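Structure data (compact mmCIF, C-alpha atoms) from query.txt:
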# COMPACT_ATOMS: atom_id res chain seq x y z
CA MET E 1 0.00 0.00 0.00
CA LYS E 2 2.80 2.41 0.91
CA LYS E 3 4.51 1.67 -2.41
CA HIS E 4 1.30 2.55 -4.29
CA ILE E 5 0.95 5.81 -2.34
CA SER E 6 4.60 6.70 -2.99
CA LEU E 7 4.21 5.97 -6.71
CA LEU E 8 1.03 8.05 -6.85
CA ALA E 9 2.76 10.93 -5.07
CA LEU E 10 5.68 10.71 -7.49
CA LEU E 11 3.36 10.74 -10.50
CA CYS E 12 1.41 13.69 -9.11
CA SER E 13 4.66 15.54 -8.43
CA ALA E 14 5.93 14.86 -11.96
CA SER E 15 2.60 15.98 -13.40
CA ALA E 16 2.70 19.22 -11.39
CA TYR E 17 6.28 19.81 -12.52
CA ALA E 18 5.25 19.30 -16.14
CA GLU E 19 2.41 21.79 -15.75
CA GLN E 20 4.89 24.34 -14.43
CA ALA E 21 7.32 23.80 -17.31
CA PRO E 22 7.79 27.02 -19.27
CA LYS E 23 7.64 27.00 -23.05
CA ASN E 24 10.65 29.31 -23.43
CA ILE E 25 13.80 29.68 -21.33
CA ILE E 26 16.04 32.74 -21.15
CA TYR E 27 19.24 31.91 -19.25
CA MET E 28 21.52 34.87 -18.51
CA ILE E 29 25.01 34.61 -17.05
CA GLY E 30 27.00 37.55 -15.76
CA ASP E 31 30.53 36.24 -16.09
CA GLY E 32 32.46 37.14 -12.94
CA MET E 33 29.44 38.90 -11.42
CA GLY E 34 29.68 38.15 -7.72
CA PRO E 35 27.56 39.85 -5.02
CA ALA E 36 29.90 42.86 -4.76
CA TYR E 37 29.21 43.67 -8.41
CA THR E 38 25.44 43.89 -8.09
CA THR E 39 25.86 45.85 -4.86
CA ALA E 40 28.31 48.24 -6.51
CA TYR E 41 25.91 48.62 -9.43
CA ARG E 42 23.08 49.65 -7.07
CA TYR E 43 25.23 52.43 -5.63
CA PHE E 44 26.61 53.31 -9.07
CA LYS E 45 23.05 53.89 -10.32
CA ASP E 46 21.88 55.66 -7.17
CA ASP E 47 20.52 59.17 -7.52
CA PRO E 48 22.46 61.14 -4.88
CA SER E 49 19.82 63.87 -4.90
CA THR E 50 17.33 61.53 -3.19
CA LYS E 51 17.61 60.11 0.32
CA GLU E 52 16.49 56.66 -0.81
CA ILE E 53 18.95 54.36 -2.59
CA GLU E 54 17.01 53.16 -5.60
CA SER E 55 16.64 49.46 -6.39
CA THR E 56 17.98 47.93 -9.58
CA VAL E 57 16.56 45.20 -11.80
CA PHE E 58 18.72 42.73 -9.88
CA ASP E 59 17.02 43.63 -6.59
CA THR E 60 13.58 42.87 -8.05
CA MET E 61 14.34 39.23 -8.90
CA LEU E 62 16.80 37.86 -6.32
CA THR E 63 15.78 34.35 -5.29
CA GLY E 64 18.85 32.69 -3.85
CA MET E 65 22.55 31.87 -3.95
CA ALA E 66 24.61 29.21 -5.71
CA HIS E 67 27.84 27.36 -4.92
CA THR E 68 30.40 27.52 -7.71
CA TYR E 69 33.20 25.08 -6.77
CA PRO E 70 34.63 22.76 -9.46
CA ASP E 71 35.00 18.98 -9.16
CA ASP E 72 37.91 19.05 -6.75
CA HIS E 73 38.87 20.72 -3.49
CA THR E 74 40.54 23.81 -4.93
CA TYR E 75 37.13 25.53 -4.41
CA VAL E 76 37.90 28.27 -6.97
CA THR E 77 36.36 27.62 -10.37
CA ASP E 78 37.18 28.94 -13.80
CA SER E 79 34.54 29.91 -16.34
CA ALA E 80 34.76 26.62 -18.23
CA ALA E 81 34.13 24.32 -15.26
CA SER E 82 31.37 26.57 -13.96
CA ALA E 83 29.71 26.93 -17.35
CA THR E 84 29.86 23.15 -17.75
CA ALA E 85 28.04 22.81 -14.41
CA LEU E 86 25.52 25.48 -15.44
CA SER E 87 24.90 23.90 -18.84
CA SER E 88 24.93 20.19 -18.04
CA GLY E 89 24.27 19.75 -14.32
CA HIS E 90 27.65 18.06 -13.80
CA LYS E 91 30.76 19.31 -12.01
CA SER E 92 34.04 19.05 -13.90
CA TYR E 93 37.62 20.30 -13.84
CA ASN E 94 38.84 23.82 -14.57
CA GLY E 95 39.23 24.20 -18.32
CA ALA E 96 36.61 21.59 -19.23
CA ILE E 97 34.16 22.47 -22.00
CA ALA E 98 31.08 20.28 -21.44
CA VAL E 99 33.16 17.18 -20.68
CA ASP E 100 33.43 15.23 -17.44
CA THR E 101 36.57 14.50 -15.45
CA ASP E 102 37.31 11.62 -17.83
CA LYS E 103 37.03 14.10 -20.72
CA LYS E 104 33.89 12.44 -22.06
CA PRO E 105 31.12 14.66 -23.50
CA LEU E 106 28.27 15.77 -21.25
CA LYS E 107 24.84 16.45 -22.72
CA THR E 108 23.99 20.14 -22.35
CA MET E 109 20.60 21.78 -21.96
CA LEU E 110 21.00 23.51 -25.31
CA GLU E 111 21.54 20.14 -26.99
CA ILE E 112 18.53 18.69 -25.15
CA ALA E 113 16.45 21.70 -26.20
CA LYS E 114 17.49 21.15 -29.80
CA GLN E 115 16.48 17.48 -29.54
CA GLN E 116 13.10 18.63 -28.23
CA GLY E 117 12.56 20.76 -31.32
CA MET E 118 13.19 24.10 -29.60
CA ILE E 119 14.95 27.01 -31.32
CA THR E 120 18.37 27.59 -29.72
CA ALA E 121 20.51 30.72 -29.40
CA LEU E 122 23.73 32.01 -27.86
CA VAL E 123 24.54 35.68 -27.30
CA ALA E 124 27.80 36.97 -25.80
CA THR E 125 30.07 40.00 -25.78
CA SER E 126 33.11 37.69 -25.87
CA GLN E 127 33.95 35.53 -28.86
CA ILE E 128 31.07 33.12 -29.32
CA ASN E 129 33.46 30.18 -28.80
CA HIS E 130 34.67 31.49 -25.42
CA ALA E 131 34.30 29.29 -22.34
CA THR E 132 30.74 30.09 -21.29
CA PRO E 133 28.90 29.93 -24.63
CA ALA E 134 31.14 27.06 -25.74
CA SER E 135 30.05 24.94 -22.77
CA PHE E 136 26.50 24.95 -24.11
CA ALA E 137 27.19 23.79 -27.69
CA ALA E 138 30.67 22.23 -27.85
CA HIS E 139 32.76 19.58 -26.13
CA ASN E 140 36.50 19.87 -25.59
CA GLU E 141 39.08 18.94 -22.99
CA SER E 142 40.45 22.50 -22.97
CA ARG E 143 38.82 25.90 -23.25
CA ARG E 144 41.99 27.10 -25.01
CA ASN E 145 41.31 25.00 -28.09
CA TYR E 146 39.36 27.83 -29.68
CA ASP E 147 39.53 26.57 -33.27
CA GLU E 148 38.33 23.09 -32.31
CA ILE E 149 35.51 24.59 -30.26
CA ALA E 150 34.48 26.80 -33.18
CA ASP E 151 34.45 23.70 -35.41
CA ASP E 152 31.98 22.04 -33.03
CA TYR E 153 29.37 24.69 -33.86
CA ILE E 154 29.26 23.02 -37.28
CA ASP E 155 30.39 19.46 -36.52
CA ASN E 156 28.44 18.76 -33.32
CA LYS E 157 25.20 17.77 -35.00
CA ILE E 158 22.04 17.23 -32.95
CA ALA E 159 19.63 14.87 -34.69
CA GLY E 160 21.42 15.75 -37.92
CA LYS E 161 21.09 19.51 -37.38
CA LEU E 162 23.49 22.24 -36.35
CA PRO E 163 23.25 22.82 -32.58
CA VAL E 164 22.67 26.60 -32.46
CA ASP E 165 20.14 28.43 -34.64
CA LEU E 166 21.20 31.96 -33.69
CA MET E 167 24.64 33.18 -32.56
CA LEU E 168 25.55 36.80 -31.84
CA GLY E 169 28.95 37.85 -30.48
CA GLY E 170 32.58 38.07 -31.54
CA GLY E 171 35.07 35.64 -33.04
CA THR E 172 35.77 36.12 -36.77
CA LYS E 173 39.40 35.20 -36.04
CA TYR E 174 38.28 31.66 -35.22
CA TYR E 175 35.56 31.26 -37.81
CA ILE E 176 37.47 32.46 -40.88
CA ARG E 177 40.85 30.67 -40.84
CA GLU E 178 43.38 29.45 -43.37
CA ASP E 179 42.54 25.83 -42.62
CA ARG E 180 38.75 26.25 -42.55
CA ASN E 181 36.14 28.88 -43.34
CA LEU E 182 33.28 28.16 -40.95
CA VAL E 183 31.38 31.26 -42.02
CA ALA E 184 31.16 29.88 -45.56
CA GLU E 185 29.89 26.59 -44.13
CA PHE E 186 27.23 28.38 -42.10
CA LYS E 187 26.12 30.31 -45.18
CA GLN E 188 25.92 27.06 -47.13
CA ALA E 189 23.74 25.68 -44.32
CA GLY E 190 21.30 28.57 -44.84
CA TYR E 191 22.45 30.97 -42.12
CA GLN E 192 22.21 34.71 -42.68
CA TYR E 193 25.61 36.17 -41.79
CA SER E 194 26.74 39.61 -40.66
CA ASP E 195 30.04 41.00 -39.38
CA ASP E 196 28.79 44.59 -39.17
CA PHE E 197 27.25 45.57 -35.84
CA ALA E 198 25.66 48.62 -37.45
CA ALA E 199 23.71 46.18 -39.63
CA LEU E 200 22.41 44.15 -36.66
CA LYS E 201 18.92 45.44 -37.43
CA ASP E 202 19.14 43.86 -40.88
CA ILE E 203 19.33 40.30 -39.55
CA LYS E 204 15.81 39.19 -40.37
CA GLN E 205 15.83 35.41 -40.10
CA ILE E 206 16.78 32.37 -38.12
CA PRO E 207 19.19 30.61 -38.60
CA ALA E 208 21.69 33.46 -38.40
CA LEU E 209 25.26 34.14 -37.35
CA GLY E 210 26.56 37.56 -36.30
CA LEU E 211 30.27 37.91 -35.54
CA PHE E 212 31.07 41.53 -34.80
CA ALA E 213 34.74 41.49 -33.79
CA PRO E 214 37.88 39.41 -34.38
CA VAL E 215 37.77 38.22 -30.76
CA GLY E 216 35.59 39.93 -28.12
CA LEU E 217 33.59 43.09 -28.75
CA ASP E 218 35.02 46.42 -27.59
CA PHE E 219 34.45 47.28 -23.93
CA ALA E 220 31.13 49.00 -23.29
CA LEU E 221 32.87 51.99 -21.71
CA ASP E 222 35.08 52.56 -24.75
CA LYS E 223 32.71 52.26 -27.68
CA ASN E 224 29.15 50.97 -27.53
CA PRO E 225 27.60 51.07 -24.03
CA THR E 226 24.55 49.00 -25.04
CA ARG E 227 25.90 46.39 -27.46
CA LEU E 228 24.68 43.44 -25.36
CA ALA E 229 21.28 45.08 -24.88
CA GLN E 230 21.00 45.58 -28.62
CA MET E 231 21.94 41.96 -29.34
CA THR E 232 19.48 40.80 -26.68
CA ASP E 233 16.71 42.84 -28.27
CA LYS E 234 17.47 41.39 -31.71
CA ALA E 235 17.69 37.83 -30.37
CA LEU E 236 14.35 38.05 -28.55
CA GLU E 237 12.73 39.59 -31.63
CA LEU E 238 13.92 36.73 -33.85
CA LEU E 239 13.20 34.01 -31.29
CA ASP E 240 9.68 35.34 -30.72
CA LYS E 241 8.96 34.97 -34.43
CA ASN E 242 10.13 31.35 -34.36
CA LYS E 243 8.83 30.15 -30.99
CA LYS E 244 6.27 27.61 -32.21
CA ASP E 245 7.93 24.82 -30.22
CA GLY E 246 9.59 27.13 -27.74
CA PHE E 247 13.10 28.51 -27.53
CA PHE E 248 16.20 28.33 -25.37
CA VAL E 249 18.69 31.21 -25.29
CA MET E 250 21.80 31.77 -23.19
CA ILE E 251 22.87 35.41 -22.97
CA GLU E 252 26.23 36.21 -21.37
CA GLY E 253 27.55 39.50 -20.04
CA SER E 254 31.04 38.21 -20.78
CA GLN E 255 33.23 41.19 -20.07
CA ILE E 256 32.16 41.91 -16.50
CA ASP E 257 34.75 39.22 -15.85
CA TRP E 258 37.39 40.80 -18.09
CA CYS E 259 37.08 44.12 -16.25
CA GLY E 260 37.27 42.26 -12.95
CA HIS E 261 40.48 40.49 -13.99
CA ALA E 262 41.86 43.91 -14.87
CA ASN E 263 40.71 45.39 -11.52
CA ASP E 264 39.08 48.21 -13.50
CA ILE E 265 35.99 49.36 -11.59
CA ALA E 266 34.72 51.86 -14.17
CA CYS E 267 35.04 49.23 -16.88
CA ALA E 268 33.11 46.75 -14.72
CA MET E 269 30.24 49.14 -13.96
CA ALA E 270 29.77 49.92 -17.66
CA GLU E 271 29.54 46.18 -18.37
CA MET E 272 27.09 45.78 -15.48
CA ASP E 273 24.96 48.57 -16.90
CA ASP E 274 24.80 46.91 -20.32
CA PHE E 275 23.96 43.56 -18.69
CA ALA E 276 21.26 45.18 -16.53
CA LYS E 277 19.67 46.78 -19.59
CA SER E 278 19.67 43.36 -21.28
CA ILE E 279 17.99 41.85 -18.23
CA GLU E 280 15.34 44.58 -18.27
CA GLN E 281 14.52 43.62 -21.86
CA ALA E 282 14.33 39.94 -20.97
CA LYS E 283 12.14 40.68 -17.96
CA ALA E 284 9.79 42.76 -20.12
CA TYR E 285 9.60 39.87 -22.58
CA VAL E 286 8.63 37.48 -19.77
CA ASP E 287 5.97 39.92 -18.53
CA ASN E 288 4.44 39.90 -22.02
CA ASN E 289 4.92 36.15 -22.47
CA PRO E 290 4.02 34.44 -19.17
CA ASP E 291 4.93 31.01 -20.56
CA THR E 292 8.60 32.05 -20.38
CA LEU E 293 11.15 31.62 -17.57
CA LEU E 294 14.09 33.95 -17.01
CA VAL E 295 16.97 32.72 -14.83
CA ILE E 296 20.06 34.81 -14.17
CA THR E 297 23.23 33.89 -12.30
CA ALA E 298 27.01 34.24 -12.38
CA ASP E 299 29.58 31.54 -13.01
CA HIS E 300 31.85 32.92 -10.25
CA SER E 301 33.10 36.23 -8.90
CA THR E 302 36.23 37.90 -10.22
CA GLY E 303 38.86 40.15 -8.68
CA GLY E 304 37.80 40.00 -5.03
CA LEU E 305 36.00 43.32 -5.45
CA THR E 306 35.23 45.23 -2.24
CA LEU E 307 33.40 48.52 -1.70
CA GLY E 308 35.40 50.44 0.86
CA ALA E 309 39.18 50.28 1.24
CA HIS E 310 42.19 51.58 3.20
CA GLY E 311 40.22 51.51 6.45
CA GLN E 312 37.80 54.15 5.19
CA TYR E 313 34.05 53.67 5.66
CA LYS E 314 32.97 54.91 2.25
CA TRP E 315 32.77 54.10 -1.46
CA GLU E 316 32.77 56.98 -3.95
CA ALA E 317 30.38 56.00 -6.73
CA GLU E 318 30.55 59.50 -8.23
CA VAL E 319 34.27 59.03 -8.86
CA VAL E 320 33.53 55.83 -10.79
CA LYS E 321 30.75 57.53 -12.76
CA GLY E 322 33.22 60.24 -13.75
CA VAL E 323 35.59 57.84 -15.53
CA LYS E 324 34.84 57.85 -19.26
CA ALA E 325 37.29 55.26 -20.61
CA THR E 326 38.84 51.97 -19.56
CA ALA E 327 42.38 51.86 -18.25
CA VAL E 328 43.32 50.09 -21.48
CA LYS E 329 42.08 53.02 -23.56
CA LEU E 330 43.59 55.64 -21.25
CA THR E 331 46.94 53.84 -21.42
CA GLU E 332 46.86 53.89 -25.22
CA GLN E 333 46.05 57.59 -25.28
CA MET E 334 48.70 58.54 -22.73
CA LEU E 335 51.42 56.53 -24.47
CA ALA E 336 50.66 58.41 -27.67
CA SER E 337 50.66 61.90 -26.12
CA ASP E 338 52.85 64.17 -24.03
CA ASP E 339 49.85 65.97 -22.53
CA LEU E 340 48.84 63.52 -19.82
CA LYS E 341 46.88 66.18 -17.95
CA ALA E 342 44.56 66.87 -20.90
CA ILE E 343 43.78 63.17 -21.31
CA TRP E 344 43.28 62.70 -17.57
CA THR E 345 40.96 65.67 -17.07
CA ALA E 346 38.93 64.82 -20.20
CA ASN E 347 38.30 61.28 -19.02
CA THR E 348 38.04 61.49 -15.22
CA THR E 349 36.81 63.87 -12.52
CA ILE E 350 39.76 63.00 -10.28
CA ASP E 351 42.06 65.93 -9.56
CA TYR E 352 45.33 65.94 -11.49
CA THR E 353 47.33 66.55 -8.34
CA PRO E 354 51.12 66.81 -8.31
CA GLU E 355 51.15 63.35 -6.73
CA ASN E 356 48.98 61.83 -9.49
CA GLN E 357 50.99 63.66 -12.14
CA ALA E 358 54.26 62.26 -10.83
CA LYS E 359 52.79 58.77 -10.55
CA LEU E 360 51.55 58.76 -14.16
CA GLU E 361 54.68 60.32 -15.63
CA GLN E 362 56.95 57.86 -13.83
CA ALA E 363 54.78 54.91 -14.83
CA LYS E 364 54.79 55.99 -18.48
CA LYS E 365 58.59 55.82 -18.50
CA LEU E 366 58.35 52.20 -17.35
CA GLY E 367 56.00 51.15 -20.16
CA ASP E 368 52.40 50.25 -20.88
CA LYS E 369 51.90 47.73 -18.05
CA ALA E 370 53.17 50.11 -15.39
CA LEU E 371 51.08 52.96 -16.77
CA ASN E 372 47.95 50.81 -16.89
CA LEU E 373 48.44 49.77 -13.26
CA ALA E 374 49.06 53.35 -12.17
CA ILE E 375 45.85 54.57 -13.81
CA LYS E 376 43.77 51.88 -12.10
CA ASP E 377 45.49 52.43 -8.78
CA ILE E 378 44.61 56.12 -8.79
CA ILE E 379 40.97 55.39 -9.71
CA SER E 380 40.62 52.63 -7.11
CA ASN E 381 42.20 54.77 -4.39
CA ALA E 382 40.03 57.79 -5.22
CA SER E 383 36.84 55.69 -5.18
CA PHE E 384 37.87 53.50 -2.20
CA THR E 385 37.52 50.38 -4.31
CA GLY E 386 39.39 47.30 -3.12
CA TRP E 387 40.62 44.25 -5.03
CA THR E 388 42.20 41.08 -3.63
CA THR E 389 43.20 39.27 -6.83
CA GLY E 390 43.51 39.42 -10.58
CA GLY E 391 41.80 36.03 -10.72
CA HIS E 392 38.58 34.44 -9.48
CA THR E 393 37.27 33.88 -5.96
CA ALA E 394 35.28 31.03 -4.44
CA ILE E 395 32.38 32.98 -2.94
CA ASP E 396 28.77 32.00 -3.65
CA VAL E 397 26.98 33.92 -6.39
CA GLN E 398 23.44 35.20 -6.69
CA VAL E 399 20.53 33.53 -8.46
CA PHE E 400 17.70 35.58 -9.92
CA ALA E 401 14.50 34.25 -11.48
CA HIS E 402 11.31 35.65 -12.99
CA GLY E 403 8.37 34.07 -14.76
CA LYS E 404 6.91 30.60 -14.99
CA GLY E 405 8.75 28.26 -12.61
CA ALA E 406 10.77 30.98 -10.88
CA GLU E 407 9.80 29.62 -7.45
CA HIS E 408 12.04 26.58 -8.04
CA PHE E 409 15.17 28.72 -7.70
CA ILE E 410 14.64 29.99 -4.16
CA GLY E 411 17.31 29.40 -1.52
CA SER E 412 20.83 28.04 -1.34
CA GLN E 413 21.69 25.66 -4.16
CA ASN E 414 24.52 24.23 -6.18
CA ASN E 415 25.17 25.62 -9.64
CA THR E 416 24.40 22.13 -10.92
CA ASP E 417 20.95 22.38 -9.31
CA ILE E 418 20.15 25.37 -11.52
CA ALA E 419 21.05 23.36 -14.61
CA ASN E 420 19.18 20.25 -13.53
CA LYS E 421 15.99 22.21 -12.85
CA LEU E 422 16.16 23.87 -16.27
CA ILE E 423 16.93 20.56 -17.97
CA GLY E 424 13.94 19.07 -16.18
CA PHE E 425 11.71 21.80 -17.60
CA ILE E 426 13.11 21.30 -21.11
CA LYS E 427 12.54 17.55 -20.99
CA GLU E 428 8.96 18.06 -19.84
CA LYS E 429 8.06 20.05 -22.94

Would you give me this structure, written as structure tokens?
Amino acid sequence: MKKHISLLALLCSASAYAEQAPKNIIYMIGDGMGPAYTTAYRYFKDDPSTKEIESTVFDTMLTGMAHTYPDDHTYVTDSAASATALSSGHKSYNGAIAVDTDKKPLKTMLEIAKQQGMITALVATSQINHATPASFAAHNESRRNYDEIADDYIDNKIAGKLPVDLMLGGGTKYYIREDRNLVAEFKQAGYQYSDDFAALKDIKQIPALGLFAPVGLDFALDKNPTRLAQMTDKALELLDKNKKDGFFVMIEGSQIDWCGHANDIACAMAEMDDFAKSIEQAKAYVDNNPDTLLVITADHSTGGLTLGAHGQYKWEAEVVKGVKATAVKLTEQMLASDDLKAIWTANTTIDYTPENQAKLEQAKKLGDKALNLAIKDIISNASFTGWTTGGHTAIDVQVFAHGKGAEHFIGSQNNTDIANKLIGFIKEK
């Protein structure tokens, strides 16, 4: 009798889960976006003329936290191992692209979605074959094998079809090579192709491939502050037109991580702003399409970012807002000019004090690396921004969810739990 009751309960539970399964899934990953980043973004966007500190889109959807450790006791993950966990529901080693610790392929949710007849898409500000997007559509023992990973976007057939119907990001360097022209192969397979971001609006069909830079796109702070938001808007427009059997899309704010590695706070906040605008678009889509689930998380946190430094109980968001270029761009400009003051005052609101002048002039004599570090050191000191590393950290990351099935992502969970819940929804379609 107890066995019959247990079986009935299991069947009822499975039925309820199936009823909750969304038709469409939007999965967004802020690479490197630990809790300090979303906190910093709240203060970065705060209106200092009001007493209240305004909420951001992140604050409206927070549901829980996730553990990011890889499949060993180092505790600190890289993007490949974490993306593999987030795409397949399995822990693996640092550097693994959707393979297990024995280097055997792991089925990803994008591949399962494709098998289920769903339209699939990947959007990133990095090269489209970088660790996070790669871990959804390719399989390789090393994230560094960029050409082999790019090949998988053609060679890794799912039920005889190419795995990804829509790709927007960077990477022409890897897709047009002397040994193989993957772009030509995509065109032959019926994909519309563009390498001109200004012509993003002219992509009218799925399947499509947009590669808008040799590697990653330019930093948001240096060129196009809304390039991810624009790609998100285009992706959702195209997916909506082709959603008969539902769609799965992974959208990555890739360069939050790159700015974190560089310990460049102004760079990071510009990437966060672009990612937040992309999330706002996705949230609006869910509000208009209640059969859709939006889940957002990070693969890890980068840089050991802290708000408040040097024993001071403050963080100067206005200083960060006043920086108009990345340290990379400022370094290039200063190396090419003798008028460091003009460049500094045009791109920051930080006083060009005799101390800062001496620091920059001395660093310039030592070369580009020293100058880059000096620029970031001045900005971090002036804003009371702290960093503990140029790498990743092992802290838990946030989980955000909105739409049909969002309640399943409440609380403390493993990053593999996020994947397994989403895979369960996809399989129930």

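When CA of Leu330 in chain E is paired with CA of Ser383 in chain E, their separation reads 17.4 Å.
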
Nearest candidate to Glu407 in chain E (options E:Lys364, E:Lys421, E:Lys243, E:Arg144; using all atoms listed in the file):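 Going through E:Lys364, E:Lys421, E:Lys243, E:Arg144 one by one, the smallest distance to Glu407 in chain E is for E:Lys421.
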
field: E:Tyr27, E:Tyr175, E:Phe186, E:Tyr43 ranked by distance to Ala213 in chain E, top pick (using all atoms listed in the file)
entry: E:Tyr175

task: Between CA of Ala98 in chain E and CA of Thr132 in chain E, measure the distance and give it in Å to one decimal.
output: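 Atom-to-atom, CA of Ala98 in chain E and CA of Thr132 in chain E are spaced 9.8 Å apart.
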
message: Taking all atoms listed in the file into account, name the residue in E:Thr389, E:Ser142, E:Asn356, E:Thr38 that is nearest to Ala298 in chain E.
response: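 Residue with the minimum atom-to-atom distance to Ala298 in chain E: E:Thr38.
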
- request: Would you mind listing what lies within 8 Å of Asp195 in chain E as a PyMOL selection string, with only C-alpha atoms counted and same-chain residues fewer than 3 positions away left out?
  value: chain E and resi 172+210-213

- request: Write out as a VMD selection string the residues lying within 8 Å of range 113-118 of chain E, counting all atoms listed in the file and excluding same-chain residues fewer than 6 positions away.
  value: chain E and resid 158 to 159 163 to 164 243 245 to 248 426 to 427 429

Output C-alpha atoms for every residue in the selection just made, as a CSV table (one decimal), in the frame of the given file.
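Contents of the output file result16.csv:
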chain,number,residue,atom,x,y,z
E,158,ILE,CA,22.0,17.2,-33.0
E,159,ALA,CA,19.6,14.9,-34.7
E,163,PRO,CA,23.2,22.8,-32.6
E,164,VAL,CA,22.7,26.6,-32.5
E,243,LYS,CA,8.8,30.2,-31.0
E,245,ASP,CA,7.9,24.8,-30.2
E,246,GLY,CA,9.6,27.1,-27.7
E,247,PHE,CA,13.1,28.5,-27.5
E,248,PHE,CA,16.2,28.3,-25.4
E,426,ILE,CA,13.1,21.3,-21.1
E,427,LYS,CA,12.5,17.6,-21.0
E,429,LYS,CA,8.1,20.0,-22.9

task: Go through E:Ser194, E:Thr353, E:Thr125, E:Thr108 and flag the residue nearest Asn156 in chain E, using all atoms listed in the file for the distances.
output: E:Thr108

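Candidate residues E:Val323, E:Ala21, E:Ile119, E:Ala83 were compared for distance to Thr297 in chain E, and the nearest is E:Ala83, using only C-alpha atoms.
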
message: Restricting the calculation to all atoms listed in the file: of E:Glu316, E:Asp179, E:Asp222, E:Glu280, which residue gets closest to Gly386 in chain E?
response: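 Ranked by minimum distance to Gly386 in chain E, first place goes to E:Glu316.
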
message: Residues within 12 Å of Ser79 in chain E, please, as a ChimeraX atom specification. Count all atoms listed in the file; anything in the same chain fewer than 4 positions from it doesn't count.
response: /E:29-33,68-70,83-87,92-98,130-135,142-144,252,254-255,257-258,298-302,391-394

With C-alpha atoms retained, export the selected residues as a JSON list (two decimals), in the coordinates of the input.
[["chain", "number", "residue", "atom", "x", "y", "z"],
["E", 29, "ILE", "CA", 25.01, 34.61, -17.05],
["E", 30, "GLY", "CA", 27.00, 37.55, -15.76],
["E", 31, "ASP", "CA", 30.53, 36.24, -16.09],
["E", 32, "GLY", "CA", 32.46, 37.14, -12.94],
["E", 33, "MET", "CA", 29.44, 38.90, -11.42],
["E", 68, "THR", "CA", 30.40, 27.52, -7.71],
["E", 69, "TYR", "CA", 33.20, 25.08, -6.77],
["E", 70, "PRO", "CA", 34.63, 22.76, -9.46],
["E", 83, "ALA", "CA", 29.71, 26.93, -17.35],
["E", 84, "THR", "CA", 29.86, 23.15, -17.75],
["E", 85, "ALA", "CA", 28.04, 22.81, -14.41],
["E", 86, "LEU", "CA", 25.52, 25.48, -15.44],
["E", 87, "SER", "CA", 24.90, 23.90, -18.84],
["E", 92, "SER", "CA", 34.04, 19.05, -13.90],
["E", 93, "TYR", "CA", 37.62, 20.30, -13.84],
["E", 94, "ASN", "CA", 38.84, 23.82, -14.57],
["E", 95, "GLY", "CA", 39.23, 24.20, -18.32],
["E", 96, "ALA", "CA", 36.61, 21.59, -19.23],
["E", 97, "ILE", "CA", 34.16, 22.47, -22.00],
["E", 98, "ALA", "CA", 31.08, 20.28, -21.44],
["E", 130, "HIS", "CA", 34.67, 31.49, -25.42],
["E", 131, "ALA", "CA", 34.30, 29.29, -22.34],
["E", 132, "THR", "CA", 30.74, 30.09, -21.29],
["E", 133, "PRO", "CA", 28.90, 29.93, -24.63],
["E", 134, "ALA", "CA", 31.14, 27.06, -25.74],
["E", 135, "SER", "CA", 30.05, 24.94, -22.77],
["E", 142, "SER", "CA", 40.45, 22.50, -22.97],
["E", 143, "ARG", "CA", 38.82, 25.90, -23.25],
["E", 144, "ARG", "CA", 41.99, 27.10, -25.01],
["E", 252, "GLU", "CA", 26.23, 36.21, -21.37],
["E", 254, "SER", "CA", 31.04, 38.21, -20.78],
["E", 255, "GLN", "CA", 33.23, 41.19, -20.07],
["E", 257, "ASP", "CA", 34.75, 39.22, -15.85],
["E", 258, "TRP", "CA", 37.39, 40.80, -18.09],
["E", 298, "ALA", "CA", 27.01, 34.24, -12.38],
["E", 299, "ASP", "CA", 29.58, 31.54, -13.01],
["E", 300, "HIS", "CA", 31.85, 32.92, -10.25],
["E", 301, "SER", "CA", 33.10, 36.23, -8.90],
["E", 302, "THR", "CA", 36.23, 37.90, -10.22],
["E", 391, "GLY", "CA", 41.80, 36.03, -10.72],
["E", 392, "HIS", "CA", 38.58, 34.44, -9.48],
["E", 393, "THR", "CA", 37.27, 33.88, -5.96],
["E", 394, "ALA", "CA", 35.28, 31.03, -4.44]]

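When the distance limit is 12 Å and all atoms listed in the file are what count, the residues near Lys157 in chain E, minus those fewer than 2 positions from it on the same chain, are Glu111, Ile112, Lys114, Gln115, Ala137, Ala138, His139, Asp151, Asp152, Tyr153, Ile154, Asp155, Ala159, Gly160, Lys161, Leu162, Pro163, Val164 and Asp165 of chain E.
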